Amino acid sequence: MQDWRRTHRCGELRANHIGTVVRLNGWVNSYRGYGQQVFLDLRDRFGITQVVVEATKENPALFQLADGFGREWCLAVEGIVRPRLPGKENPDLITGAIEIEATSIQVLNQCPTPPFEVTEFPGEELAGEDIRLEKRYLDLRRLSLQKTLVLRHTLNRIIREYLSERDFLEVETPLLGKSTPEGARDYLVPSRVHPGSWYALPQSPQLYKQLLMISGYDRYYQIARCLRDEDLRADRQPEFTQLDLEMSFVDQDDVLTMIEGLAQKIFKVCRGVDIALPIRRMSYEEAMLRYGSDKPDTRFGLEISDLSDWAKGTDFRVFKEAIAAGSVVRAIHIAQGASKFSNTDLKPGGKTSEIAVNAGAKGLAWLKYEDNKFLGGIEKFFSADSQAALRDQFGIQNGDLLLLIADKEEVAAQVLGTMRLHLAQVFGLLQGKENSFDLLWLVDFPSFMPDPQGGRYVANHHPFTAPRVADIPLLESDPSKVMARAYDLVINGYEVGGGSIRIHDPAVQAKVFSVLGLTPEQAQEKFGFLLDALKHGAPPHGGIALGLDRWAMILAGTANIRDVIAFPKNQRARDMMTGAPTPVEPKQLKDLGL
RNA sequence: GGGGGCGUAGCUCAAUUGGUUAGAGUACCGGACUGUCGCUCCGGUGGUUGCGGGUUCGACCCCCGUCGCCCUCGCCA
């Protein structure tokens, strides 16, 4: 073969190419040796084409060569396109009408037997993730991973198109920045030029985009890598990608509307799904009450109800004392759920009870309703009237189950939120919902939460989030009542975006820092450049960041973030392929003064 | 750091709950086959049961330790 370079791609040839001499480059997807004849499926990113090598007297070497091929060898094949024998066409291949009668083959590279199969078959278990991450270059040859990378490309393309059409500017911001100890743990980079000093890799471009607004760039966006040195989860990597955007002279609705249009386009193009606009909005308070979560999965019911008023009037001491101490009693009603849980499961130490306890509950109370009466041990504390009231409130039928929690409001909400997700799994409520997407804006967040570490308050979103204008006086009198102009986007129980209108008044910013327990000196030291910039004619502005990895997960239908990242880290933040992080040469450390 | 699950052939999994030679499918190797397309058929190689220790007449199985992977709580303004 004079020139091994391809004339066509492996997904390209059709019946109208019959008779043409072509060259294909690709990998051996499968190999079927057959006596005097070999069938090869040659694969590239664009498709698969069948190659036939026949033993002939004129060219015995070619057949001998092909006889030794293995899977995943990289080949250049020259040959003539010919029709398949009548009735032997393969409708599963886009090139299935034809095949290549090989006249010459060059081995571009051999491949040892792969440690796992690159070809996927329906219903077949994938190899373990360890080995696939270690040989990620082979794993990425799999069709489903190819598809998710293409999906991410499409996602990025839609975003750039949509935002460019609306006068957004894509601006890059530094990776080497200033450490700000609030928020997540920073990844630090030592400075060689300034021994003892460190850059921090960005947790997000938050401050830079605000500065860009102050500079007058009005609409900004960036598909930005963000880094946080925190423990990993199925939907969390130490480095991840955000669509970061910011707009000037806008209020909350302007940002939400802009993102709604983008979300609609993304779902249409990536999934062919029409999202109805506007996206539903729910207050943080309502989400915590009804779903026990700030990222509720609203694709199924099992909503939480507050029974505090009812519990107050019962003779059950556990409930009465809880209410008297300012706690709440809340419950989930599970229609026809009684038979699914044995009393042993529900009793202290039982499987279901333990889930509640692990989520923070002191204990799980429960009531089954069978043979027209409540059972469960605690029913004896409830009068006939109380029982009737309970029955009426939920419309309880025989076979139903109630799970009740008495605890501080936050604990009760969180425990029942966890139970709710557990119940959804037990009852398979999400089966068949793979193609349903529930989008939800969470709004009306409190600006501050009490600091569990004993300080005064911590910011719910971040310290630059603007309070509701009417609440500004409360910054001094009662910060816990201040509501933020912040919003989160939730899809199917995943937090996929969050943002806020920012503070553009340096006086308000100073007050917020004060609520957070920062002295003016500390605020000046950490964020002096921002406070200073705010004084220089800062426009009202706000924005949002979308977690694109999670968007890709939802669009790809996977629960594993590693499935949508080309080269992900494992749960201990190690790159299984390169081995990073690794020790470095002493000289490197010496140069850095370490 | 805490809780849970897992670790057996290259890969996916079994092994009658402590019983004698650790099996199957697949992959791989050899052989047969000119229309296959997850080819088929015949034969074969392949195991420190993650690692170390202990209990026992006997350990893949039980105990202790350790390593690794996954899920999760804490953490993620």
# chains A, B, ... in the order shown; residues from 1 in each chain; ligands from 1
>>> interface_residues(of="chain A", to="chain B", cutoff="8 Å", atoms="only C-alpha atoms (C1' of nucleotides)", output="ChimeraX atom specification")
/A:32,34-37,39,54,85,88,90,113-117,121,125-127,130,182-184,228,230-231,234,458-463
>>> select_by_dssp(residues="segment 226-388 of chain A", states="helix (DSSP H, G or I)", output="ChimeraX atom specification")
/A:252-271,284-291,308-312,317-324,338-340,343-346,351-358,379-381,384-388
>>> atom_distance(atom1="atom CA of Asp591 of chain A", atom2="atom CA of Pro195 of chain A")
9.0 Å
>>> atom_distance(atom1="atom CA of Lys340 of chain A", atom2="atom CA of Phe381 of chain A")
24.6 Å
>>> closest_residue(among="A:Ala406, A:Ile561, A:Ile544, A:Trp441", to="Thr465 of chain A", atoms="only C-alpha atoms")
A:Ile544
>>> select_by_dssp(residues="segment 300-521 of chain A", states="strand (DSSP E or B)", output="ChimeraX atom specification")
/A:304-306,328-334,365-370,373-375,400-407,439-443,446,448-450,457-459,465,467,483-484,486-491,494-502
>>> residues_around(residues="A59 of chain B", least_positions_apart="4", cutoff="12 Å", atoms="only C-alpha atoms (C1' of nucleotides)", output="PyMOL selection string")
chain B and resi 18-19+49+54-55+63
>>> write_last_selection(atoms="all heavy atoms", output="CSV table (one decimal), in the first residue's frame")
chain,number,residue,atom,x,y,z
B,18,G,P,-20.7,-22.3,57.3
B,18,G,OP1,-21.3,-23.1,58.5
B,18,G,OP2,-20.6,-20.8,57.4
B,18,G,O5',-19.2,-22.9,57.1
B,18,G,C5',-18.7,-22.8,55.7
B,18,G,C4',-17.8,-24.0,55.5
B,18,G,O4',-16.7,-23.9,56.5
B,18,G,C3',-18.5,-25.4,55.7
B,18,G,O3',-17.9,-26.3,54.9
B,18,G,C2',-18.1,-25.7,57.2
B,18,G,O2',-18.1,-27.1,57.5
B,18,G,C1',-16.7,-25.2,57.2
B,18,G,N9,-16.1,-25.0,58.5
B,18,G,C8,-16.8,-24.7,59.7
B,18,G,N7,-16.0,-24.6,60.7
B,18,G,C5,-14.7,-24.8,60.2
B,18,G,C6,-13.5,-24.8,60.8
B,18,G,O6,-13.2,-24.6,62.0
B,18,G,N1,-12.4,-25.0,59.9
B,18,G,C2,-12.6,-25.2,58.6
B,18,G,N2,-11.5,-25.4,57.9
B,18,G,N3,-13.8,-25.2,58.0
B,18,G,C4,-14.8,-25.0,58.9
B,19,G,P,-18.6,-26.7,53.5
B,19,G,OP1,-18.5,-25.6,52.6
B,19,G,OP2,-20.0,-27.3,53.9
B,19,G,O5',-17.7,-27.9,53.0
B,19,G,C5',-16.4,-27.6,52.5
B,19,G,C4',-15.7,-28.9,52.2
B,19,G,O4',-15.2,-29.4,53.5
B,19,G,C3',-16.5,-30.0,51.6
B,19,G,O3',-15.6,-30.8,50.8
B,19,G,C2',-16.9,-30.9,52.8
B,19,G,O2',-17.2,-32.2,52.5
B,19,G,C1',-15.7,-30.7,53.7
B,19,G,N9,-16.1,-30.8,55.2
B,19,G,C8,-17.2,-30.6,55.8
B,19,G,N7,-17.2,-30.8,57.1
B,19,G,C5,-15.9,-31.2,57.3
B,19,G,C6,-15.3,-31.5,58.5
B,19,G,O6,-15.7,-31.5,59.7
B,19,G,N1,-13.9,-31.8,58.3
B,19,G,C2,-13.3,-31.9,57.1
B,19,G,N2,-12.0,-32.2,57.1
B,19,G,N3,-13.9,-31.6,56.0
B,19,G,C4,-15.2,-31.2,56.2
B,49,U,P,-5.3,-18.5,46.6
B,49,U,OP1,-5.6,-18.4,48.0
B,49,U,OP2,-5.2,-19.7,45.8
B,49,U,O5',-6.3,-17.5,45.8
B,49,U,C5',-6.6,-16.2,46.3
B,49,U,C4',-8.0,-15.8,46.0
B,49,U,O4',-8.7,-16.9,45.4
B,49,U,C3',-8.8,-15.3,47.2
B,49,U,O3',-9.6,-14.3,46.7
B,49,U,C2',-9.6,-16.5,47.6
B,49,U,O2',-10.7,-16.2,48.3
B,49,U,C1',-9.9,-17.1,46.2
B,49,U,N1,-10.3,-18.5,46.2
B,49,U,C2,-11.6,-18.9,46.1
B,49,U,O2,-12.4,-18.0,46.0
B,49,U,N3,-11.9,-20.2,46.1
B,49,U,C4,-11.0,-21.2,46.3
B,49,U,O4,-11.4,-22.4,46.3
B,49,U,C5,-9.6,-20.8,46.4
B,49,U,C6,-9.3,-19.5,46.4
B,54,G,P,-0.3,-17.8,61.9
B,54,G,OP1,0.7,-18.4,62.8
B,54,G,OP2,-0.6,-18.3,60.6
B,54,G,O5',-1.7,-17.7,62.7
B,54,G,C5',-1.8,-17.2,64.0
B,54,G,C4',-3.2,-17.1,64.4
B,54,G,O4',-4.0,-16.3,63.5
B,54,G,C3',-4.1,-18.3,64.6
B,54,G,O3',-3.8,-19.0,65.8
B,54,G,C2',-5.5,-17.8,64.5
B,54,G,O2',-5.9,-17.2,65.8
B,54,G,C1',-5.3,-16.7,63.5
B,54,G,N9,-5.8,-17.1,62.1
B,54,G,C8,-5.0,-17.3,61.0
B,54,G,N7,-5.7,-17.7,60.0
B,54,G,C5,-7.0,-17.7,60.4
B,54,G,C6,-8.2,-18.1,59.8
B,54,G,O6,-8.3,-18.4,58.6
B,54,G,N1,-9.3,-18.0,60.6
B,54,G,C2,-9.3,-17.6,61.9
B,54,G,N2,-10.4,-17.6,62.6
B,54,G,N3,-8.1,-17.3,62.6
B,54,G,C4,-7.1,-17.4,61.8
B,55,U,P,-3.9,-20.6,65.8
B,55,U,OP1,-3.4,-21.1,67.1
B,55,U,OP2,-3.4,-21.2,64.5
B,55,U,O5',-5.5,-20.8,65.8
B,55,U,C5',-6.3,-20.3,66.9
B,55,U,C4',-7.8,-20.6,66.6
B,55,U,O4',-8.2,-19.8,65.5
B,55,U,C3',-8.1,-22.1,66.2
B,55,U,O3',-8.2,-22.9,67.4
B,55,U,C2',-9.4,-21.9,65.5
B,55,U,O2',-10.5,-21.7,66.4
B,55,U,C1',-9.2,-20.6,64.7
B,55,U,N1,-8.7,-20.8,63.4
B,55,U,C2,-9.7,-21.1,62.4
B,55,U,O2,-10.9,-21.2,62.6
B,55,U,N3,-9.2,-21.3,61.1
B,55,U,C4,-7.8,-21.2,60.7
B,55,U,O4,-7.6,-21.4,59.6
B,55,U,C5,-6.9,-20.9,61.8
B,55,U,C6,-7.4,-20.7,63.0
B,63,C,P,-16.6,-13.4,60.7
B,63,C,OP1,-17.6,-12.5,61.2
B,63,C,OP2,-16.0,-13.2,59.4
B,63,C,O5',-15.4,-13.4,61.8
B,63,C,C5',-15.7,-13.6,63.2
B,63,C,C4',-14.4,-13.5,63.9
B,63,C,O4',-13.5,-14.7,63.6
B,63,C,C3',-13.5,-12.3,63.6
B,63,C,O3',-13.9,-11.2,64.3
B,63,C,C2',-12.1,-12.8,64.0
B,63,C,O2',-11.9,-12.8,65.4
B,63,C,C1',-12.2,-14.3,63.5
B,63,C,N1,-11.6,-14.5,62.2
B,63,C,C2,-10.3,-14.5,62.0
B,63,C,O2,-9.5,-14.3,63.0
B,63,C,N3,-9.8,-14.7,60.7
B,63,C,C4,-10.6,-14.9,59.7
B,63,C,N4,-10.1,-15.1,58.5
B,63,C,C5,-12.0,-14.8,59.9
B,63,C,C6,-12.5,-14.6,61.1
>>> residues_around(residues="segment 356-359 of chain A", least_positions_apart="3", cutoff="10 Å", atoms="only C-alpha atoms (C1' of nucleotides)", output="PyMOL selection string")
(chain A and resi 346+348-349+351-353+362-365+403+405+411-412+414-419+422) or (chain B and resi 3+73)
>>> residues_around(residues="Ile279 of chain A", least_positions_apart="4", cutoff="8 Å", atoms="only C-alpha atoms (C1' of nucleotides)", output="MDAnalysis selection string")
chainID A and resid 260 439:441
>>> write_last_selection(atoms="all heavy atoms", output="PDB file, in the first residue's frame")
ATOM      1  N   GLU A 260     -34.295  29.628  31.447  1.00  0.00           N
ATOM      2  CA  GLU A 260     -35.403  28.773  31.026  1.00  0.00           C
ATOM      3  C   GLU A 260     -35.371  28.544  29.515  1.00  0.00           C
ATOM      4  O   GLU A 260     -35.578  27.430  29.030  1.00  0.00           O
ATOM      5  CB  GLU A 260     -36.736  29.404  31.445  1.00  0.00           C
ATOM      6  CG  GLU A 260     -36.956  29.305  32.950  1.00  0.00           C
ATOM      7  CD  GLU A 260     -38.273  29.920  33.397  1.00  0.00           C
ATOM      8  OE1 GLU A 260     -38.923  30.625  32.593  1.00  0.00           O
ATOM      9  OE2 GLU A 260     -38.646  29.689  34.560  1.00  0.00           O
ATOM     10  N   LEU A 439     -38.345  19.907  36.046  1.00  0.00           N
ATOM     11  CA  LEU A 439     -37.511  21.072  36.326  1.00  0.00           C
ATOM     12  C   LEU A 439     -38.223  21.961  37.327  1.00  0.00           C
ATOM     13  O   LEU A 439     -39.446  22.110  37.272  1.00  0.00           O
ATOM     14  CB  LEU A 439     -37.224  21.859  35.040  1.00  0.00           C
ATOM     15  CG  LEU A 439     -36.239  21.202  34.068  1.00  0.00           C
ATOM     16  CD1 LEU A 439     -36.920  20.146  33.240  1.00  0.00           C
ATOM     17  CD2 LEU A 439     -35.586  22.240  33.178  1.00  0.00           C
ATOM     18  N   LEU A 440     -37.427  22.536  38.204  1.00  0.00           N
ATOM     19  CA  LEU A 440     -38.008  23.242  39.333  1.00  0.00           C
ATOM     20  C   LEU A 440     -37.044  24.337  39.779  1.00  0.00           C
ATOM     21  O   LEU A 440     -35.864  24.077  39.980  1.00  0.00           O
ATOM     22  CB  LEU A 440     -38.188  22.210  40.452  1.00  0.00           C
ATOM     23  CG  LEU A 440     -38.792  22.596  41.770  1.00  0.00           C
ATOM     24  CD1 LEU A 440     -40.244  22.983  41.583  1.00  0.00           C
ATOM     25  CD2 LEU A 440     -38.682  21.418  42.732  1.00  0.00           C
ATOM     26  N   TRP A 441     -37.569  25.556  39.906  1.00  0.00           N
ATOM     27  CA  TRP A 441     -36.759  26.616  40.531  1.00  0.00           C
ATOM     28  C   TRP A 441     -37.040  26.617  42.021  1.00  0.00           C
ATOM     29  O   TRP A 441     -38.206  26.656  42.424  1.00  0.00           O
ATOM     30  CB  TRP A 441     -37.136  27.994  39.983  1.00  0.00           C
ATOM     31  CG  TRP A 441     -36.636  28.313  38.616  1.00  0.00           C
ATOM     32  CD1 TRP A 441     -37.398  28.500  37.507  1.00  0.00           C
ATOM     33  CD2 TRP A 441     -35.286  28.536  38.214  1.00  0.00           C
ATOM     34  NE1 TRP A 441     -36.598  28.805  36.432  1.00  0.00           N
ATOM     35  CE2 TRP A 441     -35.296  28.839  36.836  1.00  0.00           C
ATOM     36  CE3 TRP A 441     -34.047  28.500  38.887  1.00  0.00           C
ATOM     37  CZ2 TRP A 441     -34.132  29.110  36.113  1.00  0.00           C
ATOM     38  CZ3 TRP A 441     -32.891  28.769  38.164  1.00  0.00           C
ATOM     39  CH2 TRP A 441     -32.942  29.066  36.791  1.00  0.00           C
TER      40      TRP A 441
END
>>> residues_around(residues="segment 21-26 of chain A", least_positions_apart="2", cutoff="7 Å", atoms="only C-alpha atoms (C1' of nucleotides)", output="VMD selection string")
chain A and resid 5 to 10 19 28 42 to 44 74 to 81
>>> residues_around(residues="Asn492 of chain A", least_positions_apart="3", cutoff="9 Å", atoms="only C-alpha atoms (C1' of nucleotides)", output="list of chain:residue names")
A:Lys295, A:Pro296, A:Asp297, A:Thr298, A:Arg299, A:Ser436, A:Phe437, A:Asp438, A:Leu439, A:Leu440, A:Glu495, A:Ile554
>>> write_last_selection(atoms="N, CA, C and O atoms", output="short mmCIF file (atom, residue, chain, number, x, y, z; two decimals), in the first residue's frame")
data_model
loop_
_atom_site.label_atom_id
_atom_site.label_comp_id
_atom_site.auth_asym_id
_atom_site.auth_seq_id
_atom_site.Cartn_x
_atom_site.Cartn_y
_atom_site.Cartn_z
N LYS A 295 -33.44 20.02 47.27
CA LYS A 295 -33.36 19.60 45.86
C LYS A 295 -34.33 18.44 45.65
O LYS A 295 -33.93 17.32 45.35
N PRO A 296 -35.61 18.72 45.82
CA PRO A 296 -36.60 17.64 45.82
C PRO A 296 -36.74 16.96 44.46
O PRO A 296 -36.69 17.62 43.43
N ASP A 297 -36.90 15.65 44.53
CA ASP A 297 -37.27 14.90 43.33
C ASP A 297 -38.79 14.86 43.30
O ASP A 297 -39.41 14.14 44.09
N THR A 298 -39.37 15.62 42.40
CA THR A 298 -40.83 15.76 42.39
C THR A 298 -41.48 14.84 41.36
O THR A 298 -42.63 15.03 40.98
N ARG A 299 -40.72 13.83 40.92
CA ARG A 299 -41.32 12.90 39.95
C ARG A 299 -42.24 11.89 40.63
O ARG A 299 -42.90 11.12 39.95
N SER A 436 -38.60 11.18 31.95
CA SER A 436 -39.35 12.34 32.42
C SER A 436 -38.41 13.25 33.19
O SER A 436 -37.57 12.81 33.96
N PHE A 437 -38.56 14.54 32.93
CA PHE A 437 -37.64 15.52 33.51
C PHE A 437 -38.48 16.58 34.22
O PHE A 437 -39.25 17.29 33.59
N ASP A 438 -38.33 16.63 35.54
CA ASP A 438 -39.05 17.62 36.31
C ASP A 438 -38.11 18.75 36.68
O ASP A 438 -37.22 18.59 37.49
N LEU A 439 -38.35 19.91 36.05
CA LEU A 439 -37.51 21.07 36.33
C LEU A 439 -38.22 21.96 37.33
O LEU A 439 -39.45 22.11 37.27
N LEU A 440 -37.43 22.54 38.20
CA LEU A 440 -38.01 23.24 39.33
C LEU A 440 -37.04 24.34 39.78
O LEU A 440 -35.86 24.08 39.98
N GLU A 495 -29.36 19.10 42.13
CA GLU A 495 -29.14 20.53 42.02
C GLU A 495 -28.25 20.76 40.81
O GLU A 495 -27.10 20.34 40.78
N ILE A 554 -27.95 13.81 33.61
CA ILE A 554 -29.41 13.72 33.46
C ILE A 554 -29.77 13.46 32.00
O ILE A 554 -30.60 12.60 31.69
#
